[in-house]
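Structure below is run12.txt: compact mmCIF, C-alpha atoms.
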# COMPACT_ATOMS: atom_id res chain seq x y z
CA MET A 22 -38.25 -12.34 -129.68
CA ARG A 23 -40.04 -9.11 -130.51
CA ILE A 24 -42.07 -8.00 -127.53
CA ALA A 25 -44.71 -5.26 -127.88
CA LEU A 26 -45.72 -3.53 -124.68
CA LEU A 27 -49.11 -1.96 -125.34
CA GLY A 28 -49.53 0.68 -122.68
CA GLY A 29 -45.74 0.68 -122.60
CA THR A 30 -45.86 4.30 -121.44
CA GLY A 31 -47.40 3.31 -118.07
CA ASP A 32 -45.57 2.09 -114.99
CA ILE A 33 -45.59 -1.68 -115.45
CA GLY A 34 -45.02 -1.24 -119.20
CA GLU A 35 -42.05 1.00 -118.52
CA GLY A 36 -40.50 -1.44 -116.06
CA LEU A 37 -40.89 -4.45 -118.35
CA ALA A 38 -39.57 -2.47 -121.36
CA LEU A 39 -36.47 -1.29 -119.52
CA ARG A 40 -35.74 -4.65 -117.91
CA TRP A 41 -36.10 -6.67 -121.12
CA ALA A 42 -34.02 -4.16 -123.04
CA TYR A 43 -31.38 -4.14 -120.29
CA ASP A 44 -31.28 -7.82 -119.33
CA SER A 45 -31.98 -9.60 -122.64
CA ASP A 46 -31.61 -9.42 -126.41
CA HIS A 47 -35.33 -9.27 -127.06
CA ASP A 48 -36.53 -6.42 -129.28
CA VAL A 49 -38.77 -4.10 -127.30
CA ILE A 50 -41.57 -2.18 -129.01
CA ILE A 51 -43.67 0.42 -127.20
CA GLY A 52 -47.36 0.72 -128.11
CA SER A 53 -49.82 3.43 -127.15
CA ARG A 54 -53.11 4.76 -128.43
CA ASP A 55 -51.14 7.88 -129.28
CA PRO A 56 -48.15 6.97 -131.50
CA GLU A 57 -46.42 10.29 -130.68
CA LYS A 58 -46.49 9.41 -127.00
CA ALA A 59 -45.18 5.92 -127.78
CA ARG A 60 -42.27 7.35 -129.76
CA ALA A 61 -41.45 9.91 -127.05
CA LYS A 62 -41.40 7.21 -124.36
CA ALA A 63 -39.35 4.86 -126.55
CA GLU A 64 -36.75 7.62 -126.93
CA GLU A 65 -36.80 8.23 -123.19
CA TYR A 66 -36.08 4.52 -122.61
CA GLU A 67 -33.25 4.59 -125.18
CA THR A 68 -31.72 7.57 -123.35
CA GLU A 69 -32.03 5.78 -120.00
CA LEU A 70 -30.34 2.67 -121.42
CA ASP A 71 -27.70 4.77 -123.17
CA SER A 72 -26.84 6.42 -119.84
CA ARG A 73 -25.92 2.94 -118.65
CA GLY A 74 -23.70 2.34 -121.65
CA LEU A 75 -26.22 0.22 -123.52
CA GLU A 76 -27.07 1.19 -127.07
CA ARG A 77 -30.50 -0.28 -127.74
CA THR A 78 -33.15 0.66 -130.28
CA VAL A 79 -36.61 0.94 -128.79
CA ASN A 80 -39.38 1.83 -131.25
CA GLY A 81 -42.76 3.35 -130.55
CA PHE A 82 -45.96 2.89 -132.56
CA ASP A 83 -49.70 3.02 -132.12
CA ASN A 84 -50.99 -0.15 -130.47
CA GLU A 85 -52.06 -1.87 -133.68
CA MET A 86 -48.77 -1.32 -135.48
CA ALA A 87 -46.85 -2.36 -132.38
CA ALA A 88 -48.86 -5.59 -132.07
CA ASP A 89 -48.47 -6.29 -135.79
CA ARG A 90 -44.66 -6.28 -135.43
CA ALA A 91 -44.47 -8.49 -132.35
CA ASP A 92 -44.28 -12.17 -131.37
CA ILE A 93 -45.41 -11.37 -127.84
CA VAL A 94 -48.02 -8.69 -127.07
CA VAL A 95 -48.24 -7.55 -123.44
CA LEU A 96 -51.52 -5.75 -122.63
CA ALA A 97 -50.05 -3.39 -120.02
CA VAL A 98 -53.14 -1.16 -120.05
CA PRO A 99 -55.73 -0.52 -117.32
CA ALA A 100 -58.25 -3.35 -116.87
CA TYR A 101 -61.15 -1.27 -118.20
CA HIS A 102 -59.31 -0.71 -121.54
CA VAL A 103 -58.15 -4.28 -122.07
CA GLY A 104 -61.24 -5.49 -123.94
CA ASP A 105 -61.18 -2.54 -126.36
CA VAL A 106 -57.47 -2.88 -127.02
CA VAL A 107 -57.81 -6.60 -127.82
CA GLU A 108 -60.64 -5.85 -130.27
CA HIS A 109 -58.54 -3.08 -131.81
CA ILE A 110 -55.57 -5.38 -132.52
CA ALA A 111 -57.59 -8.53 -133.35
CA ASP A 112 -56.86 -8.33 -137.10
CA VAL A 113 -53.08 -8.25 -136.70
CA ILE A 114 -52.62 -11.13 -134.21
CA ASP A 115 -52.80 -14.83 -134.95
CA GLU A 116 -51.75 -18.24 -133.63
CA ASP A 117 -48.10 -17.15 -133.76
CA THR A 118 -48.71 -14.23 -131.39
CA VAL A 119 -48.85 -14.78 -127.63
CA LEU A 120 -51.11 -12.32 -125.81
CA VAL A 121 -49.98 -11.60 -122.24
CA SER A 122 -52.39 -10.10 -119.70
CA PRO A 123 -50.97 -8.36 -116.59
CA ALA A 124 -53.99 -6.11 -115.80
CA VAL A 125 -56.22 -6.50 -112.74
CA GLY A 126 -59.74 -5.18 -112.11
CA MET A 127 -59.88 -3.40 -108.75
CA SER A 128 -62.16 -1.10 -106.82
CA ARG A 129 -61.21 1.15 -103.93
CA ASP A 130 -63.13 2.07 -100.78
CA ASP A 131 -62.20 3.46 -97.37
CA GLU A 132 -60.68 0.13 -96.31
CA GLY A 133 -58.40 -0.20 -99.30
CA MET A 134 -58.31 -2.01 -102.63
CA HIS A 135 -60.56 -4.89 -103.56
CA TYR A 136 -60.41 -7.43 -106.34
CA ASN A 137 -63.15 -6.60 -108.80
CA PRO A 138 -62.85 -8.84 -111.85
CA PRO A 139 -64.98 -8.62 -114.99
CA GLY A 140 -68.03 -10.89 -115.12
CA VAL A 141 -66.17 -13.61 -116.99
CA GLY A 142 -64.05 -14.16 -113.83
CA SER A 143 -60.70 -12.49 -114.52
CA VAL A 144 -59.08 -10.04 -116.91
CA THR A 145 -57.10 -12.96 -118.32
CA ALA A 146 -60.37 -14.78 -119.10
CA LEU A 147 -61.76 -11.58 -120.67
CA VAL A 148 -58.73 -11.36 -122.97
CA GLN A 149 -59.25 -15.01 -123.93
CA GLN A 150 -62.91 -14.30 -124.68
CA LYS A 151 -62.20 -11.21 -126.80
CA ALA A 152 -59.15 -12.50 -128.69
CA PRO A 153 -59.42 -14.58 -131.88
CA SER A 154 -59.72 -18.20 -130.71
CA GLU A 155 -56.41 -19.29 -132.27
CA VAL A 156 -54.39 -16.72 -130.27
CA PRO A 157 -52.86 -18.20 -127.09
CA VAL A 158 -53.45 -16.09 -123.96
CA VAL A 159 -51.25 -16.07 -120.85
CA GLY A 160 -51.73 -14.16 -117.59
CA ALA A 161 -48.48 -12.90 -116.03
CA PHE A 162 -46.64 -9.91 -114.49
CA HIS A 163 -49.64 -8.90 -112.35
CA ASN A 164 -48.13 -8.32 -108.95
CA LEU A 165 -44.80 -6.69 -109.61
CA ALA A 166 -43.54 -3.80 -107.54
CA ALA A 167 -43.78 -1.22 -110.35
CA ASP A 168 -41.37 1.43 -109.07
CA ARG A 169 -38.70 -1.15 -108.33
CA LEU A 170 -39.23 -2.79 -111.70
CA ALA A 171 -38.73 0.53 -113.51
CA ASN A 172 -35.64 1.47 -111.50
CA LEU A 173 -32.65 -0.33 -113.01
CA ASP A 174 -30.54 0.63 -109.98
CA VAL A 175 -32.67 -1.63 -107.80
CA GLU A 176 -32.02 -5.36 -107.77
CA PHE A 177 -35.06 -7.34 -106.99
CA ASP A 178 -35.74 -10.85 -105.94
CA LEU A 179 -39.44 -11.31 -106.67
CA ASP A 180 -41.78 -13.87 -108.19
CA THR A 181 -44.38 -13.56 -110.90
CA LEU A 182 -47.14 -16.11 -111.43
CA VAL A 183 -48.03 -17.43 -114.87
CA VAL A 184 -51.40 -18.90 -115.88
CA GLY A 185 -52.65 -20.08 -119.26
CA ASP A 186 -54.37 -22.95 -121.02
CA ASP A 187 -51.76 -23.26 -123.82
CA GLU A 188 -48.73 -25.00 -122.38
CA ASP A 189 -46.26 -23.86 -125.05
CA ALA A 190 -47.32 -20.24 -124.66
CA ARG A 191 -47.14 -20.50 -120.87
CA GLU A 192 -43.62 -21.91 -121.01
CA LEU A 193 -42.57 -19.21 -123.44
CA VAL A 194 -43.74 -16.52 -121.02
CA VAL A 195 -42.05 -18.30 -118.08
CA GLY A 196 -38.83 -18.09 -120.09
CA LEU A 197 -39.34 -14.40 -120.89
CA ALA A 198 -39.93 -13.65 -117.20
CA ASP A 199 -36.82 -15.58 -116.20
CA ASP A 200 -34.84 -13.48 -118.71
CA ILE A 201 -35.34 -10.54 -116.33
CA GLU A 202 -32.69 -10.66 -113.63
CA GLY A 203 -34.08 -11.26 -110.16
CA LEU A 204 -37.50 -12.22 -111.44
CA ARG A 205 -38.61 -15.82 -111.01
CA ALA A 206 -41.66 -17.19 -112.84
CA LEU A 207 -43.84 -19.81 -111.17
CA GLU A 208 -46.69 -21.63 -112.87
CA ALA A 209 -50.15 -21.42 -111.32
CA GLY A 210 -52.18 -23.53 -113.77
CA GLY A 211 -54.83 -22.65 -116.35
CA VAL A 212 -56.85 -19.50 -116.99
CA ALA A 213 -59.44 -20.80 -114.47
CA ASN A 214 -56.83 -20.08 -111.79
CA ALA A 215 -56.29 -16.46 -112.86
CA PRO A 216 -58.61 -14.87 -110.22
CA GLU A 217 -56.43 -16.02 -107.30
CA VAL A 218 -53.33 -14.74 -109.14
CA GLU A 219 -54.82 -11.38 -110.11
CA SER A 220 -56.22 -10.73 -106.62
CA VAL A 221 -52.71 -10.58 -105.18
CA THR A 222 -52.43 -7.10 -106.76
CA PRO A 223 -55.02 -5.39 -104.49
CA LEU A 224 -53.58 -7.45 -101.61
CA VAL A 225 -50.05 -6.09 -101.98
CA ILE A 226 -51.48 -2.55 -102.25
CA ASN A 227 -53.35 -3.12 -98.97
CA ILE A 228 -50.15 -4.42 -97.36
CA ALA A 229 -48.28 -1.35 -98.60
CA MET A 230 -50.98 0.91 -97.14
CA ASN A 231 -51.02 -0.78 -93.72
CA ASN A 232 -47.34 -1.37 -92.93
CA ASP A 233 -44.50 1.13 -92.61
CA GLY A 234 -41.63 0.80 -95.03
CA MET A 235 -43.47 -1.46 -97.48
CA HIS A 236 -44.34 1.18 -100.08
CA ASP A 237 -43.61 -0.91 -103.15
CA VAL A 238 -43.97 -4.47 -101.94
CA GLY A 239 -43.66 -7.65 -104.01
CA VAL A 240 -44.07 -11.35 -103.31
CA ARG A 241 -41.81 -14.37 -102.96
CA TYR A 242 -43.32 -17.85 -102.69
CA LEU A 243 -41.03 -20.12 -100.73
CA MET B 22 -52.39 -15.44 -72.67
CA ARG B 23 -54.55 -18.53 -72.85
CA ILE B 24 -55.03 -19.56 -76.45
CA ALA B 25 -57.71 -22.10 -77.41
CA LEU B 26 -57.24 -23.83 -80.74
CA LEU B 27 -60.65 -25.14 -81.75
CA GLY B 28 -59.95 -27.78 -84.36
CA GLY B 29 -56.58 -28.05 -82.66
CA THR B 30 -56.38 -31.66 -83.79
CA GLY B 31 -56.11 -30.64 -87.48
CA ASP B 32 -53.00 -29.58 -89.34
CA ILE B 33 -52.99 -25.80 -88.88
CA GLY B 34 -54.24 -26.20 -85.30
CA GLU B 35 -51.45 -28.67 -84.56
CA GLY B 36 -48.78 -26.38 -85.99
CA LEU B 37 -49.99 -23.31 -84.07
CA ALA B 38 -50.35 -25.32 -80.84
CA LEU B 39 -46.83 -26.74 -81.04
CA ARG B 40 -45.21 -23.46 -82.08
CA TRP B 41 -46.89 -21.37 -79.37
CA ALA B 42 -46.09 -23.98 -76.73
CA TYR B 43 -42.49 -24.24 -77.96
CA ASP B 44 -41.72 -20.57 -78.70
CA SER B 45 -43.75 -18.70 -76.06
CA ASP B 46 -45.19 -18.84 -72.55
CA HIS B 47 -48.79 -18.75 -73.71
CA ASP B 48 -51.06 -21.48 -72.35
CA VAL B 49 -52.28 -23.67 -75.18
CA ILE B 50 -55.68 -25.39 -74.99
CA ILE B 51 -56.86 -27.87 -77.60
CA GLY B 52 -60.55 -27.91 -78.53
CA SER B 53 -62.46 -30.47 -80.56
CA ARG B 54 -66.06 -31.54 -80.98
CA ASP B 55 -64.92 -34.77 -79.36
CA PRO B 56 -63.25 -34.05 -75.97
CA GLU B 57 -61.55 -37.48 -75.97
CA LYS B 58 -59.87 -36.64 -79.25
CA ALA B 59 -58.83 -33.24 -77.90
CA ARG B 60 -57.27 -34.83 -74.80
CA ALA B 61 -55.46 -37.47 -76.86
CA LYS B 62 -53.99 -34.83 -79.18
CA ALA B 63 -53.04 -32.58 -76.26
CA GLU B 64 -51.10 -35.50 -74.76
CA GLU B 65 -49.45 -36.17 -78.11
CA TYR B 66 -48.30 -32.53 -78.23
CA GLU B 67 -47.00 -32.75 -74.64
CA THR B 68 -45.00 -35.84 -75.60
CA GLU B 69 -43.61 -34.08 -78.68
CA LEU B 70 -42.56 -31.07 -76.58
CA ASP B 71 -41.18 -33.31 -73.85
CA SER B 72 -38.99 -35.09 -76.40
CA ARG B 73 -37.39 -31.68 -76.99
CA GLY B 74 -36.79 -31.18 -73.29
CA LEU B 75 -39.75 -28.89 -72.76
CA GLU B 76 -42.20 -29.75 -70.02
CA ARG B 77 -45.43 -28.04 -70.99
CA THR B 78 -49.01 -28.74 -69.97
CA VAL B 79 -51.41 -28.83 -72.93
CA ASN B 80 -55.04 -29.49 -72.05
CA GLY B 81 -57.81 -30.80 -74.26
CA PHE B 82 -61.54 -30.09 -73.96
CA ASP B 83 -64.65 -29.98 -76.09
CA ASN B 84 -64.82 -26.74 -78.10
CA GLU B 85 -67.13 -24.91 -75.73
CA MET B 86 -65.10 -25.65 -72.60
CA ALA B 87 -61.89 -24.79 -74.44
CA ALA B 88 -63.31 -21.44 -75.60
CA ASP B 89 -64.64 -20.70 -72.12
CA ARG B 90 -61.13 -20.98 -70.66
CA ALA B 91 -59.36 -18.82 -73.27
CA ASP B 92 -58.50 -15.18 -73.99
CA ILE B 93 -57.90 -15.97 -77.66
CA VAL B 94 -60.02 -18.48 -79.60
CA VAL B 95 -58.63 -19.66 -82.93
CA LEU B 96 -61.26 -21.24 -85.21
CA ALA B 97 -58.92 -23.75 -86.87
CA VAL B 98 -61.80 -25.76 -88.31
CA PRO B 99 -62.86 -26.28 -91.95
CA ALA B 100 -64.70 -23.29 -93.47
CA TYR B 101 -68.01 -25.17 -93.66
CA HIS B 102 -67.96 -25.79 -89.87
CA VAL B 103 -66.97 -22.28 -88.80
CA GLY B 104 -70.48 -20.84 -88.54
CA ASP B 105 -71.74 -23.75 -86.42
CA VAL B 106 -68.75 -23.64 -84.12
CA VAL B 107 -69.17 -19.90 -83.50
CA GLU B 108 -72.84 -20.42 -82.66
CA HIS B 109 -71.89 -23.30 -80.37
CA ILE B 110 -69.45 -21.19 -78.32
CA ALA B 111 -71.41 -17.90 -78.46
CA ASP B 112 -72.52 -18.09 -74.81
CA VAL B 113 -69.00 -18.42 -73.41
CA ILE B 114 -67.24 -15.63 -75.35
CA ASP B 115 -67.51 -11.90 -74.73
CA GLU B 116 -65.73 -8.60 -75.36
CA ASP B 117 -62.64 -9.93 -73.58
CA THR B 118 -62.28 -12.83 -75.99
CA VAL B 119 -60.63 -12.34 -79.39
CA LEU B 120 -61.94 -14.66 -82.09
CA VAL B 121 -59.35 -15.52 -84.74
CA SER B 122 -60.39 -16.88 -88.13
CA PRO B 123 -57.80 -18.78 -90.26
CA ALA B 124 -60.25 -20.83 -92.38
CA VAL B 125 -60.78 -20.36 -96.12
CA GLY B 126 -63.68 -21.44 -98.34
CA MET B 127 -62.38 -23.27 -101.40
CA SER B 128 -63.65 -25.43 -104.20
CA ARG B 129 -61.63 -27.80 -106.36
CA ASP B 130 -61.92 -28.63 -110.04
CA ASP B 131 -59.62 -30.13 -112.68
CA GLU B 132 -57.56 -26.93 -112.86
CA GLY B 133 -56.91 -26.70 -109.15
CA MET B 134 -58.25 -24.86 -106.12
CA HIS B 135 -60.48 -21.80 -106.30
CA TYR B 136 -61.45 -19.24 -103.73
CA ASN B 137 -65.09 -19.84 -102.84
CA PRO B 138 -66.09 -17.58 -99.94
CA PRO B 139 -69.44 -17.61 -98.15
CA GLY B 140 -72.04 -15.14 -99.42
CA VAL B 141 -71.08 -12.52 -96.85
CA GLY B 142 -67.72 -12.15 -98.65
CA SER B 143 -65.18 -14.05 -96.54
CA VAL B 144 -65.02 -16.57 -93.69
CA THR B 145 -63.72 -13.75 -91.46
CA ALA B 146 -66.86 -11.70 -92.26
CA LEU B 147 -69.01 -14.78 -91.58
CA VAL B 148 -67.42 -15.16 -88.14
CA GLN B 149 -68.09 -11.48 -87.46
CA GLN B 150 -71.72 -11.93 -88.51
CA LYS B 151 -72.27 -15.03 -86.36
CA ALA B 152 -70.36 -13.92 -83.25
CA PRO B 153 -71.95 -11.77 -80.50
CA SER B 154 -71.45 -8.15 -81.63
CA GLU B 155 -69.15 -7.27 -78.70
CA VAL B 156 -66.62 -9.99 -79.57
CA PRO B 157 -63.71 -8.66 -81.67
CA VAL B 158 -62.90 -10.77 -84.74
CA VAL B 159 -59.53 -10.99 -86.48
CA GLY B 160 -58.57 -12.92 -89.62
CA ALA B 161 -55.05 -14.41 -89.51
CA PHE B 162 -52.92 -17.55 -90.08
CA HIS B 163 -54.65 -18.38 -93.39
CA ASN B 164 -51.77 -19.14 -95.70
CA LEU B 165 -49.24 -20.97 -93.60
CA ALA B 166 -47.36 -23.97 -94.89
CA ALA B 167 -49.05 -26.47 -92.55
CA ASP B 168 -46.50 -29.29 -92.63
CA ARG B 169 -43.61 -26.92 -91.99
CA LEU B 170 -45.55 -25.19 -89.22
CA ALA B 171 -46.15 -28.50 -87.43
CA ASN B 172 -42.55 -29.68 -87.81
CA LEU B 173 -40.50 -28.06 -85.07
CA ASP B 174 -37.29 -29.20 -86.78
CA VAL B 175 -38.01 -26.84 -89.66
CA GLU B 176 -37.19 -23.16 -89.30
CA PHE B 177 -39.36 -21.00 -91.37
CA ASP B 178 -39.25 -17.48 -92.57
CA LEU B 179 -42.80 -16.75 -93.64
CA ASP B 180 -45.44 -14.02 -93.34
CA THR B 181 -49.01 -14.12 -92.15
CA LEU B 182 -51.52 -11.38 -92.92
CA VAL B 183 -53.82 -9.96 -90.25
CA VAL B 184 -57.17 -8.25 -90.90
CA GLY B 185 -59.76 -6.93 -88.46
CA ASP B 186 -61.91 -3.92 -87.66
CA ASP B 187 -60.88 -3.73 -83.97
CA GLU B 188 -57.41 -2.20 -83.81
CA ASP B 189 -56.54 -3.48 -80.31
CA ALA B 190 -57.53 -7.03 -81.21
CA ARG B 191 -55.60 -6.83 -84.48
CA GLU B 192 -52.47 -5.65 -82.70
CA LEU B 193 -52.83 -8.39 -80.11
CA VAL B 194 -52.93 -11.03 -82.85
CA VAL B 195 -49.96 -9.41 -84.63
CA GLY B 196 -48.06 -9.82 -81.36
CA LEU B 197 -49.13 -13.46 -80.95
CA ALA B 198 -47.98 -14.21 -84.50
CA ASP B 199 -44.65 -12.51 -83.92
CA ASP B 200 -44.20 -14.69 -80.81
CA ILE B 201 -43.75 -17.63 -83.19
CA GLU B 202 -40.15 -17.74 -84.34
CA GLY B 203 -39.71 -17.11 -88.06
CA LEU B 204 -43.27 -15.91 -88.50
CA ARG B 205 -43.82 -12.24 -89.33
CA ALA B 206 -47.27 -10.65 -89.12
CA LEU B 207 -48.24 -7.91 -91.56
CA GLU B 208 -51.43 -5.88 -91.33
CA ALA B 209 -53.78 -5.88 -94.32
CA GLY B 210 -56.57 -3.60 -93.05
CA GLY B 211 -60.17 -4.27 -92.02
CA VAL B 212 -62.45 -7.26 -92.45
CA ALA B 213 -63.49 -5.83 -95.84
CA ASN B 214 -59.99 -6.77 -97.03
CA ALA B 215 -60.25 -10.40 -95.89
CA PRO B 216 -61.18 -11.87 -99.32
CA GLU B 217 -57.83 -10.93 -100.89
CA VAL B 218 -56.02 -12.38 -97.84
CA GLU B 219 -58.00 -15.62 -97.74
CA SER B 220 -57.68 -16.22 -101.48
CA VAL B 221 -53.92 -16.63 -101.13
CA THR B 222 -54.63 -20.09 -99.66
CA PRO B 223 -55.98 -21.66 -102.89
CA LEU B 224 -53.25 -19.74 -104.75
CA VAL B 225 -50.38 -21.34 -102.81
CA ILE B 226 -52.00 -24.76 -103.29
CA ASN B 227 -52.10 -24.12 -107.05
CA ILE B 228 -48.44 -23.06 -106.97
CA ALA B 229 -47.57 -26.24 -105.05
CA MET B 230 -49.42 -28.34 -107.63
CA ASN B 231 -47.76 -26.71 -110.66
CA ASN B 232 -44.12 -26.38 -109.64
CA ASP B 233 -41.60 -29.04 -108.67
CA GLY B 234 -40.18 -28.86 -105.17
CA MET B 235 -42.79 -26.47 -103.81
CA HIS B 236 -44.93 -29.00 -101.96
CA ASP B 237 -45.58 -26.91 -98.87
CA VAL B 238 -45.11 -23.36 -100.06
CA GLY B 239 -45.57 -20.18 -98.02
CA VAL B 240 -45.36 -16.46 -98.77
CA ARG B 241 -43.01 -13.60 -97.99
CA TYR B 242 -43.99 -10.04 -98.87
CA LEU B 243 -40.90 -7.96 -99.51

Encoded form using structure tokens:
Amino acid sequence: MRIALLGGTGDIGEGLALRWAYDSDHDVIIGSRDPEKARAKAEEYETELDSRGLERTVNGFDNEMAADRADIVVLAVPAYHVGDVVEHIADVIDEDTVLVSPAVGMSRDDEGMHYNPPGVGSVTALVQQKAPSEVPVVGAFHNLAADRLANLDVEFDLDTLVVGDDEDARELVVGLADDIEGLRALEAGGVANAPEVESVTPLVINIAMNNDGMHDVGVRYL
Amino acid sequence: MRIALLGGTGDIGEGLALRWAYDSDHDVIIGSRDPEKARAKAEEYETELDSRGLERTVNGFDNEMAADRADIVVLAVPAYHVGDVVEHIADVIDEDTVLVSPAVGMSRDDEGMHYNPPGVGSVTALVQQKAPSEVPVVGAFHNLAADRLANLDVEFDLDTLVVGDDEDARELVVGLADDIEGLRALEAGGVANAPEVESVTPLVINIAMNNDGMHDVGVRYL
């Protein structure tokens, strides 16, 4: 599979890029609004992989070119950019592209982080609304411990939850998640169930803020 | 400590009653709208504990009498009853009573369960609004796997999240949770953070519904 990580220069994008490149044979493509930045990060990831004896090609492009080359497009951008990015790539994605939404709308106050989804109910639902109707949309990779994900020296044993209305697309993303060592994908139903999945992200940040030694906490359902 | 479990005849109430009686020296009092039902359940729990060689007295009363006798009052009733129950016991609780709220407002549709809090933002916030202002309120024990909790043959290794604006009360409840073997309490901040904690309950139900072998799933943050 060719996986484009739009916003692949950010923390979750970096972790997913490195892990897929390290743990699987999938082609990893980095997308950014700024193609120079995408190329620089892609080279950085190649160097990181090379230092572990793994010769992998990671390419960087602007978001539209990255999406155009991919089977799977992960929207690893902040929640408030997601709608614009989907509109920007709409012409180059079709029913053979799976759009994956890991972003979460949050607000912060003195108490901590709060779930603050767009009016349509969730970022995943927003992506579904903005994307061409034939493009399957899946929510996944929301609540990962970003620093641990991006650090290949750290083994992790965490779960990610997958939601989506298209069963084939959902199962494809479950498989991609399981390709990352130590990551287990669980299904949580359709896009209507995305709010409960997304709101675990502010929750784990609040747990990290209120308990010693839980800086970069993840979740296991068992 | 004397712990009253209002709604102690239901599943979460049963599990907490049995575990505290089995794992700690706390006095356990069962409350119900119907005092006969409370007494019958209390006897059932005594028999269960006795069958494991543990002679414990568990008393049953109507909710108001149970609350009047307790240092800790756990509102283990359905979300839509919580407000009425708090009003019903308001005269017998004061600043020396800690009110604990484990209930979660949910709605169900074809996709699964959805978080559906009262207008004030969470059941925990509703309890705080309805209770006399001097009574400290803590949200906890929302997302426990009820069948495993009530089955003393099952060891579990799960977390519960604790929220509350009164630090002393929060720490007291953290201690009570830690008194149950295999249960770990983590702090998640003030009552403003209760929605993200409560919404894990519909989430774990959706996970149970969508994955084989996860009938009674709980959560570990790690």

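Comparing A:Val119, A:Met127, A:Leu147, A:Leu170 by their smallest distance to Ile33 in chain A, the closest is A:Leu170 (using all atoms listed in the file).
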
Who sits within 7 Å of range 97-110 of chain A, all atoms listed in the file, same chain under 2 positions skipped, as a PyMOL selection string: chain A and resi 26-29+33-34+85+88+95+112-114+123-126+144+147-148+151-152

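With CA of Glu176 in chain A on one side and CA of Glu217 in chain A on the other, the separation reads 26.6 Å.
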
Return as a Markdown table the residues of chain A lying at most 10 Å from chain B, together with the closest atom-to-atom pair for each and the distance in Å to one decimal, counting only C-alpha atoms, with rows in chain order and ascending residue number.
| residue | atom | partner | partner_atom | distance |
| --- | --- | --- | --- | --- |
| A:Asp130 | CA | B:Ala213 | CA | 9.3 |
| A:Asp131 | CA | B:Ala213 | CA | 9.5 |
| A:Glu132 | CA | B:Gly211 | CA | 6.2 |
| A:Gly133 | CA | B:Asn214 | CA | 7.1 |
| A:Met134 | CA | B:Asn214 | CA | 7.5 |
| A:His135 | CA | B:Asn214 | CA | 6.8 |
| A:Tyr136 | CA | B:Glu217 | CA | 7.0 |
| A:Ala166 | CA | B:Leu243 | CA | 9.4 |
| A:Phe177 | CA | B:Leu243 | CA | 9.5 |
| A:Asp178 | CA | B:Leu243 | CA | 8.7 |
| A:Leu179 | CA | B:Leu243 | CA | 8.0 |
| A:Leu182 | CA | B:Ile228 | CA | 8.4 |
| A:Val183 | CA | B:Ile228 | CA | 9.7 |
| A:Asp186 | CA | B:Glu132 | CA | 9.6 |
| A:Leu207 | CA | B:Asn232 | CA | 6.8 |
| A:Glu208 | CA | B:Asn231 | CA | 5.6 |
| A:Ala209 | CA | B:Ile228 | CA | 5.0 |
| A:Gly210 | CA | B:Asn231 | CA | 6.3 |
| A:Gly211 | CA | B:Glu132 | CA | 6.2 |
| A:Val212 | CA | B:Glu132 | CA | 8.5 |
| A:Ala213 | CA | B:Glu132 | CA | 6.6 |
| A:Asn214 | CA | B:His135 | CA | 6.8 |
| A:Ala215 | CA | B:Leu224 | CA | 9.3 |
| A:Pro216 | CA | B:His135 | CA | 8.2 |
| A:Glu217 | CA | B:Leu224 | CA | 5.5 |
| A:Val218 | CA | B:Leu224 | CA | 6.7 |
| A:Glu219 | CA | B:Glu217 | CA | 9.7 |
| A:Ser220 | CA | B:Glu217 | CA | 6.0 |
| A:Val221 | CA | B:Glu217 | CA | 6.7 |
| A:Thr222 | CA | B:Glu217 | CA | 8.8 |
| A:Pro223 | CA | B:Glu217 | CA | 7.2 |
| A:Leu224 | CA | B:Glu217 | CA | 5.5 |
| A:Val225 | CA | B:Tyr242 | CA | 7.9 |
| A:Ile226 | CA | B:Ala209 | CA | 8.9 |
| A:Asn227 | CA | B:Ala209 | CA | 5.4 |
| A:Ile228 | CA | B:Ala209 | CA | 5.0 |
| A:Ala229 | CA | B:Ala209 | CA | 8.3 |
| A:Met230 | CA | B:Ala209 | CA | 7.9 |
| A:Asn231 | CA | B:Glu208 | CA | 5.6 |
| A:Asn232 | CA | B:Glu208 | CA | 6.3 |
| A:Asp233 | CA | B:Leu207 | CA | 9.8 |
| A:Gly234 | CA | B:Leu243 | CA | 9.9 |
| A:Met235 | CA | B:Leu243 | CA | 7.3 |
| A:His236 | CA | B:Leu243 | CA | 9.8 |
| A:Asp237 | CA | B:Leu243 | CA | 8.4 |
| A:Val238 | CA | B:Leu243 | CA | 5.2 |
| A:Gly239 | CA | B:Leu243 | CA | 5.3 |
| A:Val240 | CA | B:Tyr242 | CA | 4.6 |
| A:Arg241 | CA | B:Arg241 | CA | 5.2 |
| A:Tyr242 | CA | B:Val240 | CA | 4.6 |
| A:Leu243 | CA | B:Val238 | CA | 5.3 |

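The coordinates place CA of Ile51 in chain B at 16.1 Å from CA of Thr118 in chain B.
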
What is the CA of Leu75 in chain B-CA of Arg90 in chain B distance in Å, reported with one decimal?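 Between CA of Leu75 in chain B and CA of Arg90 in chain B the gap works out to 22.9 Å.
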
Show me, as a list in words, the residues that have an atom within 12 Å of Asp117 in chain B when counting only C-alpha atoms, minus same-chain residues fewer than 5 positions from it.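 The residues that qualify are Met22, Arg23, Ala88, Asp89, Arg90, Ala91, Asp92, Ile93, Val94, Pro153, Glu155, Val156, Pro157, Val158, Asp189, Ala190 and Leu193 of chain B.
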
Counting all atoms listed in the file, which of A:Ala206, A:Ala171, A:Val121, A:Val195 gets nearest to Asp32 in chain A? A:Ala171
